Amino acid sequence: MITDNIMNTGMYAGLGEQFERAFAFLRETDLAALPVGRIELDGKNLYVLIQEYSSKLPGAGKWEAHKRYIDIQYIVSGQERICFAMLKRLQQGAYDPVKDFLPLSGDGDWVTLSDGDFMVLWPNDGHMPGMAIDASTPVKKAVVKIAVE
């Protein structure tokens with residue numbers, strides 16, 4: 001797991017070409033103007049989900065992980081908390097390969113993200129995104145999906 005701000009993405013060039021493409025898209029695109037939906041950058045290998053929602057109150061969050069994709073969760077506007085834990089600290093449910101969704105349960109550590117902040121989550125990173133800080137507030141997020149090779 002990595003958390004940082006979009007201004008520092010140059011430090012992550014060593015992660016590879018798909019990360020460079022993903023961070024360039026996040027830096028150079030007017031994300032606030034984009035509608036909710038999917039944007040393909042390289043087919044199933046690299047795409048972006050633009051999301052808008054109200055952050056969830058305690059008890060409404062769900063733990064998840066993905067086996068086929070790395071997530072870059074980038075806050076376009078708003079704030080949210082994301083709970084994070086390594087898979088070895090969580091109890092795993094039945095993996096759904098069609099949705100690339102692994103349900104989880106357990107406890108983790110909280111990270112607060114605001115405008116311009118991102119979190120990179122690998123397949124061994126459990127996460128509970130979209131959580132409210134104090135009260136439910138509007139959030140616009142870009143989630144970049146990078147296929148694991």
# chains A, B, ... in the order shown; residues from 1 in each chain; ligands from 1
>>> residues_around(residues="A:Lys67", least_positions_apart="2", cutoff="7 Å", atoms="only C-alpha atoms", output="list in words")
Ala65, Tyr69, Asp100 and Pro123 of chain A
>>> select_by_dssp(residues="chain A", states="helix (DSSP H, G or I)", output="ChimeraX atom specification")
/A:6-15,17-28,31-33,87-89
>>> write_last_selection(atoms="C-alpha atoms", output="mmCIF file, in the first residue's frame")
data_model
loop_
_atom_site.group_PDB
_atom_site.id
_atom_site.type_symbol
_atom_site.label_atom_id
_atom_site.label_comp_id
_atom_site.auth_asym_id
_atom_site.auth_seq_id
_atom_site.Cartn_x
_atom_site.Cartn_y
_atom_site.Cartn_z
ATOM 1 C CA ILE A 6 -0.583 13.475 -6.996
ATOM 2 C CA MET A 7 2.221 16.080 -6.896
ATOM 3 C CA ASN A 8 4.667 13.318 -5.902
ATOM 4 C CA THR A 9 3.913 10.706 -8.565
ATOM 5 C CA GLY A 10 7.315 11.204 -10.220
ATOM 6 C CA MET A 11 8.814 9.210 -7.349
ATOM 7 C CA TYR A 12 6.915 6.117 -8.537
ATOM 8 C CA ALA A 13 8.180 5.912 -12.139
ATOM 9 C CA GLY A 14 10.057 2.746 -11.229
ATOM 10 C CA LEU A 15 6.770 0.891 -10.756
ATOM 11 C CA GLU A 17 4.856 1.812 -17.678
ATOM 12 C CA GLN A 18 1.246 1.175 -16.653
ATOM 13 C CA PHE A 19 1.748 3.175 -13.455
ATOM 14 C CA GLU A 20 3.340 5.997 -15.455
ATOM 15 C CA ARG A 21 0.341 6.019 -17.818
ATOM 16 C CA ALA A 22 -2.108 5.924 -14.919
ATOM 17 C CA PHE A 23 -0.446 8.778 -13.032
ATOM 18 C CA ALA A 24 -0.112 10.850 -16.219
ATOM 19 C CA PHE A 25 -3.861 10.434 -16.828
ATOM 20 C CA LEU A 26 -4.656 11.504 -13.260
ATOM 21 C CA ARG A 27 -2.352 14.544 -13.462
ATOM 22 C CA GLU A 28 -3.246 15.725 -16.967
ATOM 23 C CA LEU A 31 -11.259 14.699 -13.816
ATOM 24 C CA ALA A 32 -13.824 17.039 -12.276
ATOM 25 C CA ALA A 33 -15.419 17.437 -15.726
ATOM 26 C CA LEU A 87 -4.713 -9.974 3.834
ATOM 27 C CA LYS A 88 -2.894 -12.100 6.401
ATOM 28 C CA ARG A 89 -4.588 -9.988 9.138
#
>>> closest_residue(among="A:Val36, A:Leu41, A:Ala132, A:Ala147", to="A:Ile70", atoms="only C-alpha atoms")
A:Ala147
>>> closest_atom_pairs(of="stretch 60-133 of chain A", to="stretch 48-55 of chain A", cutoff="9 Å", atoms="only C-alpha atoms", output="tab-separated table")
residue	atom	partner	partner_atom	distance
A:Gln79	CA	A:Ser55	CA	8.2
A:Glu80	CA	A:Ser55	CA	6.5
A:Arg81	CA	A:Ser55	CA	8.6
A:Pro129	CA	A:Ser55	CA	8.8
A:Gly130	CA	A:Ser55	CA	5.1
A:Met131	CA	A:Ser55	CA	5.0
A:Ala132	CA	A:Ser55	CA	4.7
A:Ile133	CA	A:Ser55	CA	8.2
>>> closest_residue(among="A:Thr137, A:Asn124, A:Ser105, A:Gln91", to="A:Lys62", atoms="only C-alpha atoms")
A:Ser105
>>> residues_around(residues="A:Asp4", least_positions_apart="3", cutoff="7 Å", atoms="only C-alpha atoms", output="PDB file with C-alpha atoms, in the first residue's frame")
ATOM      1  CA  ASN A   8       4.667  13.318  -5.902  1.00  0.00           C
ATOM      2  CA  ASP A 117      -4.437  12.258  -2.557  1.00  0.00           C
ATOM      3  CA  PHE A 118      -4.207   8.665  -3.742  1.00  0.00           C
ATOM      4  CA  MET A 119      -3.777   5.180  -2.366  1.00  0.00           C
TER       5      MET A 119
END
>>> closest_residue(among="A:Asp125, A:Asp30, A:Glu40, A:Asp96", to="A:Ile82", atoms="only C-alpha atoms")
A:Asp125
>>> atom_distance(atom1="atom CA of A:Ile72", atom2="atom CA of A:Leu104")
19.2 Å
>>> closest_residue(among="A:Leu102, A:Val111, A:Ala85, A:Leu121", to="A:Lys145", atoms="only C-alpha atoms")
A:Leu121
>>> closest_residue(among="A:Cys83, A:Val98, A:Val120, A:Ile75", to="A:Val139", atoms="only C-alpha atoms")
A:Ile75
>>> closest_residue(among="A:Asp109, A:Val148, A:Gly126, A:Ala135", to="A:Lys56", atoms="only C-alpha atoms")
A:Ala135
